[in-house]
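Enquirer: My file is input_27.txt. It has compact mmCIF, C-alpha atoms:
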# COMPACT_ATOMS: atom_id res chain seq x y z
CA MET J 2 -53.50 -7.95 7.84
CA LEU J 3 -51.44 -4.78 7.42
CA THR J 4 -52.19 -1.95 5.01
CA ALA J 5 -49.32 -0.03 3.46
CA CYS J 6 -49.99 3.47 2.20
CA GLY J 7 -48.11 6.49 0.96
CA ALA J 8 -44.75 6.64 -0.82
CA TRP J 9 -42.46 3.71 -0.15
CA ASN J 10 -39.27 5.11 -1.63
CA VAL J 11 -35.79 6.17 -0.61
CA SER J 12 -36.86 9.67 0.48
CA ASN J 13 -38.90 8.15 3.33
CA VAL J 14 -36.55 5.31 4.19
CA GLU J 15 -35.91 6.36 7.80
CA LEU J 16 -39.62 6.55 8.65
CA LEU J 17 -40.34 3.30 6.81
CA GLU J 18 -37.55 1.46 8.65
CA ARG J 19 -38.96 2.55 12.00
CA LEU J 20 -42.43 1.34 11.00
CA CYS J 21 -41.02 -2.01 9.86
CA GLU J 22 -39.12 -2.40 13.14
CA ARG J 23 -42.34 -1.87 15.08
CA ALA J 24 -44.13 -4.55 13.07
CA ALA J 25 -41.18 -6.97 13.15
CA GLY J 26 -41.92 -10.31 14.77
CA ALA J 27 -45.70 -9.99 14.51
CA GLN J 28 -47.71 -12.65 12.75
CA ILE J 29 -48.81 -10.99 9.51
CA GLY J 30 -51.10 -12.86 7.16
CA SER J 31 -51.01 -10.36 4.28
CA ILE J 32 -49.98 -6.84 3.41
CA ASP J 33 -52.36 -4.73 1.33
CA LEU J 34 -50.55 -2.45 -1.12
CA ARG J 35 -53.49 -0.82 -2.89
CA ARG J 36 -52.91 2.53 -1.13
CA VAL J 37 -49.20 2.72 -1.99
CA THR J 38 -48.64 5.81 -4.18
CA ALA J 39 -44.93 5.35 -4.98
CA LEU J 40 -42.60 2.37 -4.80
CA ASP J 41 -38.92 1.93 -5.61
CA THR J 42 -36.34 -0.78 -4.94
CA VAL J 43 -35.72 0.36 -1.36
CA GLY J 44 -39.41 0.33 -0.52
CA ALA J 45 -39.92 -3.03 -2.23
CA TRP J 46 -37.08 -4.56 -0.21
CA LEU J 47 -38.53 -3.18 3.05
CA LEU J 48 -41.88 -4.70 2.20
CA GLU J 49 -40.26 -8.02 1.31
CA ARG J 50 -38.27 -8.01 4.55
CA LEU J 51 -41.43 -7.27 6.49
CA ALA J 52 -43.21 -10.11 4.73
CA ARG J 53 -40.41 -12.54 5.62
CA GLY J 54 -40.30 -11.49 9.26
CA GLY J 55 -42.87 -13.95 10.60
CA ALA J 56 -42.89 -17.69 10.90
CA THR J 57 -44.55 -17.86 7.50
CA ARG J 58 -44.14 -15.43 4.66
CA ALA J 59 -46.93 -12.86 4.42
CA ALA J 60 -48.66 -12.35 1.09
CA LEU J 61 -48.28 -9.01 -0.71
CA THR J 62 -51.63 -8.14 -2.28
CA GLY J 63 -52.96 -5.23 -4.30
CA ALA J 64 -49.79 -4.52 -6.27
CA ASP J 65 -50.33 -4.48 -10.03
CA GLY J 66 -48.34 -3.34 -13.02
CA PRO J 67 -44.76 -2.13 -12.49
CA TYR J 68 -45.09 -2.38 -8.71
CA GLY J 69 -45.99 -6.05 -8.93
CA ASP J 70 -43.07 -6.77 -11.28
CA LEU J 71 -40.67 -5.00 -8.95
CA LEU J 72 -41.90 -6.97 -5.97
CA GLU J 73 -41.50 -10.22 -7.89
CA GLU J 74 -37.88 -9.31 -8.71
CA VAL J 75 -37.10 -8.47 -5.10
CA ARG J 76 -38.81 -11.62 -3.87
CA GLY J 77 -36.28 -13.84 -5.65
CA LEU J 78 -33.27 -12.11 -4.09
CA ASN J 79 -31.29 -13.31 -1.09
CA ARG J 80 -33.20 -16.53 -0.62
CA ALA J 81 -30.31 -18.35 1.00
CA GLY J 82 -30.67 -19.06 4.68
CA PRO J 83 -28.22 -17.90 7.32
CA ILE J 84 -24.76 -19.37 7.15
CA GLU J 85 -24.08 -21.83 9.92
CA ARG J 86 -20.79 -21.26 11.66
CA ARG J 87 -19.06 -24.51 12.39
CA SER J 88 -16.37 -24.84 14.99
CA VAL J 89 -12.94 -25.34 13.48
CA ASN J 90 -10.15 -27.28 15.09
CA PRO J 91 -7.40 -24.73 16.01
CA VAL J 92 -4.67 -27.13 14.92
CA LEU J 93 -6.28 -27.65 11.52
CA GLN J 94 -6.80 -23.91 11.19
CA ARG J 95 -3.13 -23.28 11.90
CA LEU J 96 -2.13 -25.92 9.39
CA ASP J 97 -4.42 -24.35 6.82
CA GLN J 98 -2.86 -20.93 7.41
CA LEU J 99 0.60 -22.46 7.16
CA GLY J 100 -0.29 -24.12 3.89
CA ARG J 101 -1.70 -20.91 2.43
CA SER J 102 1.37 -18.96 3.54
CA SER J 103 3.67 -21.58 2.04
CA ARG J 104 1.78 -21.46 -1.24
CA ARG J 105 1.99 -17.66 -1.36
CA LEU J 106 5.71 -17.83 -0.55
CA ALA J 107 6.27 -20.34 -3.32
CA SER J 108 4.30 -18.19 -5.77
CA ASP J 109 6.23 -15.04 -4.83
CA SER J 110 9.55 -16.89 -5.04
CA ALA J 111 8.67 -18.23 -8.49
CA ALA J 112 7.72 -14.72 -9.67
CA PHE J 113 10.98 -13.31 -8.30
CA LEU J 114 13.06 -16.03 -9.94
CA HIS J 115 11.20 -15.48 -13.20
CA MET J 116 11.96 -11.74 -13.09
CA LEU J 117 15.59 -12.43 -12.15
CA GLY J 118 15.95 -14.84 -15.05
CA ALA J 119 14.35 -12.37 -17.48
CA PHE J 120 16.68 -9.62 -16.27
CA SER J 121 19.71 -11.89 -16.61
CA ALA J 122 18.67 -12.85 -20.14
CA ALA J 123 18.20 -9.18 -21.08
CA LEU J 124 21.60 -8.29 -19.60
CA LEU J 125 23.23 -11.17 -21.49
CA GLY J 126 21.60 -9.92 -24.69
CA ILE J 127 23.08 -6.45 -24.07
CA LEU J 128 26.54 -7.99 -23.59
CA ARG J 129 26.20 -9.91 -26.85
CA HIS J 130 24.85 -6.94 -28.78
CA PRO J 131 26.11 -3.72 -27.14
CA ARG J 132 24.39 -1.57 -29.76
CA SER J 133 21.02 -2.60 -28.38
CA PHE J 134 21.83 -0.97 -25.03
CA ARG J 135 19.49 1.97 -24.39
CA LEU J 136 21.96 4.57 -23.20
CA THR J 137 19.55 7.51 -23.38
CA SER J 138 16.97 5.77 -21.21
CA THR J 139 19.61 4.70 -18.69
CA VAL J 140 21.04 8.22 -18.41
CA TYR J 141 17.53 9.63 -17.99
CA GLN J 142 16.75 7.17 -15.20
CA LEU J 143 20.14 7.89 -13.62
CA GLY J 144 19.23 11.56 -13.50
CA ARG J 145 15.90 10.77 -11.89
CA VAL J 146 17.12 8.37 -9.20
CA GLY J 147 20.52 9.99 -8.76
CA TRP J 148 20.77 13.70 -9.43
CA GLN J 149 17.19 14.58 -8.46
CA ALA J 150 17.50 12.58 -5.24
CA VAL J 151 20.65 14.32 -4.01
CA PRO J 152 18.93 17.24 -2.17
CA ILE J 153 16.56 15.13 -0.11
CA MET J 154 19.24 12.51 0.61
CA VAL J 155 21.74 15.12 1.77
CA LEU J 156 19.17 16.91 3.91
CA ILE J 157 17.95 13.78 5.69
CA THR J 158 21.40 12.33 6.31
CA PHE J 159 22.67 15.72 7.50
CA LEU J 160 19.88 15.87 10.07
CA ILE J 161 20.46 12.26 11.14
CA GLY J 162 24.16 12.92 11.67
CA ALA J 163 23.36 15.99 13.76
CA ILE J 164 20.86 14.03 15.85
CA ILE J 165 23.32 11.21 16.47
CA ALA J 166 25.96 13.71 17.62
CA GLN J 167 23.52 15.50 19.90
CA GLN J 168 22.34 12.32 21.59
CA GLY J 169 25.85 10.94 21.87
CA ILE J 170 27.27 14.07 23.51
CA PHE J 171 24.31 14.24 25.89
CA HIS J 172 25.14 10.78 27.26
CA PHE J 173 28.95 10.82 26.93
CA ARG J 174 29.24 14.09 28.83
CA ARG J 175 28.29 12.24 32.01
CA PHE J 176 31.58 10.31 31.72
CA GLY J 177 33.74 13.15 30.43
CA ALA J 178 34.11 11.48 27.01
CA GLU J 179 32.55 14.08 24.72
CA SER J 180 35.43 13.95 22.27
CA TYR J 181 34.65 10.32 21.40
CA VAL J 182 31.31 11.35 19.97
CA VAL J 183 33.03 12.21 16.69
CA ASP J 184 34.41 8.65 16.54
CA MET J 185 30.95 7.30 17.25
CA VAL J 186 29.38 9.39 14.50
CA GLY J 187 32.02 8.33 12.01
CA ILE J 188 31.71 4.63 12.79
CA LEU J 189 27.91 4.62 12.79
CA VAL J 190 27.57 6.64 9.61
CA LEU J 191 30.29 4.98 7.54
CA ARG J 192 29.65 1.39 8.61
CA GLU J 193 25.91 1.14 9.15
CA ILE J 194 23.47 4.03 9.29
CA GLY J 195 24.64 6.06 6.28
CA VAL J 196 24.27 3.29 3.72
CA LEU J 197 21.14 1.89 5.40
CA ILE J 198 19.29 5.21 5.47
CA VAL J 199 20.16 5.98 1.85
CA ALA J 200 19.08 2.50 0.73
CA ILE J 201 15.76 2.82 2.55
CA MET J 202 15.13 6.25 1.04
CA VAL J 203 16.01 5.07 -2.46
CA ALA J 204 13.68 2.09 -2.07
CA GLY J 205 10.86 4.32 -0.84
CA ARG J 206 11.38 7.09 -3.39
CA SER J 207 12.56 5.38 -6.57
CA GLY J 208 11.07 1.93 -5.91
CA SER J 209 7.57 3.26 -5.37
CA ALA J 210 7.89 5.49 -8.43
CA TYR J 211 8.96 2.52 -10.57
CA THR J 212 6.08 0.43 -9.27
CA ALA J 213 3.54 3.16 -10.03
CA GLU J 214 4.93 3.78 -13.53
CA ILE J 215 5.06 0.15 -14.60
CA GLY J 216 1.67 -0.54 -13.01
CA ALA J 217 0.13 2.35 -14.96
CA MET J 218 1.76 1.11 -18.16
CA LYS J 219 0.39 -2.36 -17.50
CA MET J 220 -3.08 -0.94 -16.95
CA ARG J 221 -2.91 1.06 -20.22
CA GLU J 222 -1.62 -2.07 -22.04
CA GLU J 223 1.59 -0.28 -23.06
CA ILE J 224 3.67 -3.31 -22.05
CA ASP J 225 1.56 -5.52 -24.33
CA ALA J 226 2.13 -2.97 -27.10
CA LEU J 227 5.90 -3.31 -26.65
CA SER J 228 5.62 -7.08 -26.98
CA THR J 229 3.46 -6.65 -30.08
CA MET J 230 6.14 -4.45 -31.67
CA GLY J 231 8.73 -7.16 -31.03
CA LEU J 232 10.51 -5.40 -28.15
CA ASP J 233 11.45 -7.05 -24.88
CA PRO J 234 9.67 -5.17 -22.04
CA VAL J 235 12.36 -6.22 -19.58
CA ALA J 236 15.14 -4.78 -21.74
CA VAL J 237 13.18 -1.60 -22.42
CA LEU J 238 11.71 -0.88 -18.97
CA ILE J 239 13.47 -2.91 -16.28
CA LEU J 240 17.11 -3.05 -17.38
CA PRO J 241 17.76 0.74 -17.63
CA ARG J 242 16.12 1.35 -14.25
CA ILE J 243 18.10 -1.33 -12.44
CA LEU J 244 21.39 -0.24 -14.00
CA ALA J 245 20.63 3.34 -13.01
CA LEU J 246 20.01 2.22 -9.43
CA VAL J 247 23.24 0.20 -9.38
CA VAL J 248 25.22 3.27 -10.45
CA ALA J 249 23.34 5.85 -8.37
CA LEU J 250 23.15 4.03 -5.05
CA PRO J 251 26.92 4.07 -4.23
CA ILE J 252 27.14 7.74 -5.20
CA LEU J 253 24.15 8.63 -3.05
CA ALA J 254 25.54 6.59 -0.16
CA PHE J 255 28.85 8.45 -0.41
CA LEU J 256 27.21 11.88 -0.52
CA GLY J 257 24.82 10.92 2.28
CA SER J 258 27.68 9.74 4.50
CA LEU J 259 29.56 12.98 3.90
CA ALA J 260 26.46 15.00 4.76
CA ALA J 261 25.88 12.97 7.93
CA LEU J 262 29.50 13.44 9.04
CA TYR J 263 29.30 17.14 8.37
CA GLY J 264 26.01 17.38 10.25
CA GLY J 265 27.43 15.55 13.24
CA GLY J 266 30.61 17.62 13.22
CA LEU J 267 28.77 20.91 12.86
CA ARG J 268 26.39 20.03 15.68
CA SER J 269 29.28 19.04 17.94
CA ARG J 270 31.23 22.18 17.13
CA LEU J 271 28.42 24.71 17.50
CA GLU J 272 26.52 23.20 20.41
CA TRP J 273 29.20 21.64 22.61
CA GLY J 274 32.51 22.97 21.30
CA VAL J 275 33.96 19.55 20.43
CA ARG J 276 36.77 20.12 17.91
CA GLY J 277 38.97 17.04 17.83
CA VAL J 278 38.76 13.26 17.70
CA GLY J 279 39.86 10.90 20.45
CA LEU J 280 42.45 11.27 23.25
CA GLY J 281 40.50 14.05 24.92
CA LYS J 282 41.25 16.67 22.23
CA ARG J 283 38.91 19.65 22.06
Spit out the file's structure as structure tokens when you get a sec.

Expert:
Amino acid sequence: MLTACGAWNVSNVELLERLCERAAGAQIGSIDLRRVTALDTVGAWLLERLARGGATRAALTGADGPYGDLLEEVRGLNRAGPIERRSVNPVLQRLDQLGRSSRRLASDSAAFLHMLGAFSAALLGILRHPRSFRLTSTVYQLGRVGWQAVPIMVLITFLIGAIIAQQGIFHFRRFGAESYVVDMVGILVLREIGVLIVAIMVAGRSGSAYTAEIGAMKMREEIDALSTMGLDPVAVLILPRILALVVALPILAFLGSLAALYGGGLRSRLEWGVRGVGLGKR
């Protein structure tokens, strides 16, 4: 038989855990709690764990009043035995993962098609009734995703153009073809990198902002309030933002490409003295 004494509470949990570890695995018939001066949930759980440690559960004696009620509550917790891990066939596990992935893909595709259909219906409604078009909201969103994004877009594309020119000249100089770096910068920026970088930045900047705004409105039940007032949330929230993106993205791509070309040209001119394009001109 063990005798517990003192305060079995959270302030003494480290000492109590060490004492319980020492007594773990021993055959304990009962635990006397008459000398316990304080008991909380942590202490009651340590006593219950100590009582369950042997082959048979030890009896907790000498606890009356609130302490006894607390021990009875803790005694009924976590009575399930350890979970048995069964070996799973790797083929079946792969098939299960494939099925779950296919189901998620189907769910995401259905949600996307639903949103696309709702947007198309809202756009068709605007074409039928042009007066319902929210011009003020669209212009406001255009200013946010377009005008306010110009500085960061121009700065990043300018730096990317300068980096492309620097790396290109560093390698082309080995072959005496520094002048073709300007051609390389122009082709890369105008055909691929310029539009790609701007699109990625717009998706990261404006897309994340849209997601946060609409998510916060959903949490505050503002979207449900729009539906209650008889307004289409897609026409009010989604349509102006998408139209603003459609208008702003080509403008930003054009300005970003110009900034990248200027950055590449300035870097070539100041660092390496390249002045012309093609045919060995400098």

Enquirer: Output as JSON lines one row per residue of region 150-255 of chain J within 12 Å of region 126-129 of chain J: the closest atom pair and its distance in Å to one decimal place, counting only C-alpha atoms, sorted by chain and residue number ascending.

Expert:
{"residue": "J:Asp233", "atom": "CA", "partner": "J:Gly126", "partner_atom": "CA", "distance": 10.5}
{"residue": "J:Val235", "atom": "CA", "partner": "J:Gly126", "partner_atom": "CA", "distance": 11.2}
{"residue": "J:Ala236", "atom": "CA", "partner": "J:Ile127", "partner_atom": "CA", "distance": 8.4}
{"residue": "J:Val237", "atom": "CA", "partner": "J:Ile127", "partner_atom": "CA", "distance": 11.1}
{"residue": "J:Leu240", "atom": "CA", "partner": "J:Ile127", "partner_atom": "CA", "distance": 9.6}
{"residue": "J:Pro241", "atom": "CA", "partner": "J:Ile127", "partner_atom": "CA", "distance": 11.0}
{"residue": "J:Leu244", "atom": "CA", "partner": "J:Ile127", "partner_atom": "CA", "distance": 12.0}

Enquirer: With distances taken over all atoms listed in the file, which of J:Phe255, J:Phe176, J:Tyr263, J:Phe113 is nearest to Gly162 (chain J)?

Expert: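 Closest residue, counting all atoms listed in the file: J:Tyr263.
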
Enquirer: With only C-alpha atoms as the basis for distance, which of J:Leu253, J:Arg36, J:Ser228, J:Gln142 is at the shortest distance from Thr4 (chain J)?

Expert: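 Comparing J:Leu253, J:Arg36, J:Ser228, J:Gln142 against Thr4 (chain J), the winner is J:Arg36.
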
Enquirer: Given only C-alpha atoms as the basis, pick out the residue of J:Ala112, J:Ala119, J:Met185, J:Cys6 nearest to Ala64 (chain J).

Expert: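 Of J:Ala112, J:Ala119, J:Met185, J:Cys6, the one nearest Ala64 (chain J) is J:Cys6, counting only C-alpha atoms.
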
Enquirer: Please list as a ChimeraX atom specification every residue within 8 Å of region 67-71 of chain J, counting only C-alpha atoms and excluding residues in the same chain fewer than 3 positions away.

Expert: /J:40-42,45,64,74-75

Enquirer: Could you save the residues just selected, with C-alpha atoms, as a PDB file, keeping the file's coordinate frame?

Expert:
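Okay, this is what ended up in selection00.pdb:
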ATOM      1  CA  LEU J  40     -42.600   2.370  -4.800  1.00  0.00           C
ATOM      2  CA  ASP J  41     -38.920   1.930  -5.610  1.00  0.00           C
ATOM      3  CA  THR J  42     -36.340  -0.780  -4.940  1.00  0.00           C
ATOM      4  CA  ALA J  45     -39.920  -3.030  -2.230  1.00  0.00           C
ATOM      5  CA  ALA J  64     -49.790  -4.520  -6.270  1.00  0.00           C
ATOM      6  CA  GLU J  74     -37.880  -9.310  -8.710  1.00  0.00           C
ATOM      7  CA  VAL J  75     -37.100  -8.470  -5.100  1.00  0.00           C
TER       8      VAL J  75
END

Enquirer: State, in Å with one decimal place, the distance from CA of Ile243 (chain J) to CA of Leu156 (chain J).

Expert: 24.5 Å

Enquirer: What does the structure give for the distance between CA of Val203 (chain J) and CA of Gly147 (chain J), in Å to one decimal?

Expert: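 Atom-to-atom, CA of Val203 (chain J) to CA of Gly147 (chain J), that is 9.2 Å.
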
Enquirer: Would you mind reading off the distance between CA of Arg53 (chain J) and CA of Val14 (chain J), one decimal, in Å?

Expert: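 According to the coordinates, CA of Arg53 (chain J) and CA of Val14 (chain J) are separated by 18.3 Å.
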
Enquirer: With distances taken over all atoms listed in the file, which of J:Gly30, J:Gly177, J:Gly195, J:Gly216 is nearest to Ile161 (chain J)?

Expert: J:Gly195

Enquirer: Ranking J:Ala163, J:Leu125, J:Ala245, J:Leu34 by minimum distance to Ser207 (chain J) and counting all atoms listed in the file, which one comes first?

Expert: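 Comparing J:Ala163, J:Leu125, J:Ala245, J:Leu34 against Ser207 (chain J), the winner is J:Ala245.
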
Enquirer: What residues have an atom no more than 12 Å from (-39.3, -2.2, 9.6) in the file's own frame, counting only C-alpha atoms, and can you write them as number ranges by chain?

Expert: J: 5, 9, 14-27, 43-54

Enquirer: Quick one: of J:Val11, J:Ala200, J:Val92, J:Ala210, who's nearest to Ile252 (chain J), counting all atoms listed in the file?

Expert: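 Smallest separation from Ile252 (chain J) among the options: J:Ala200.
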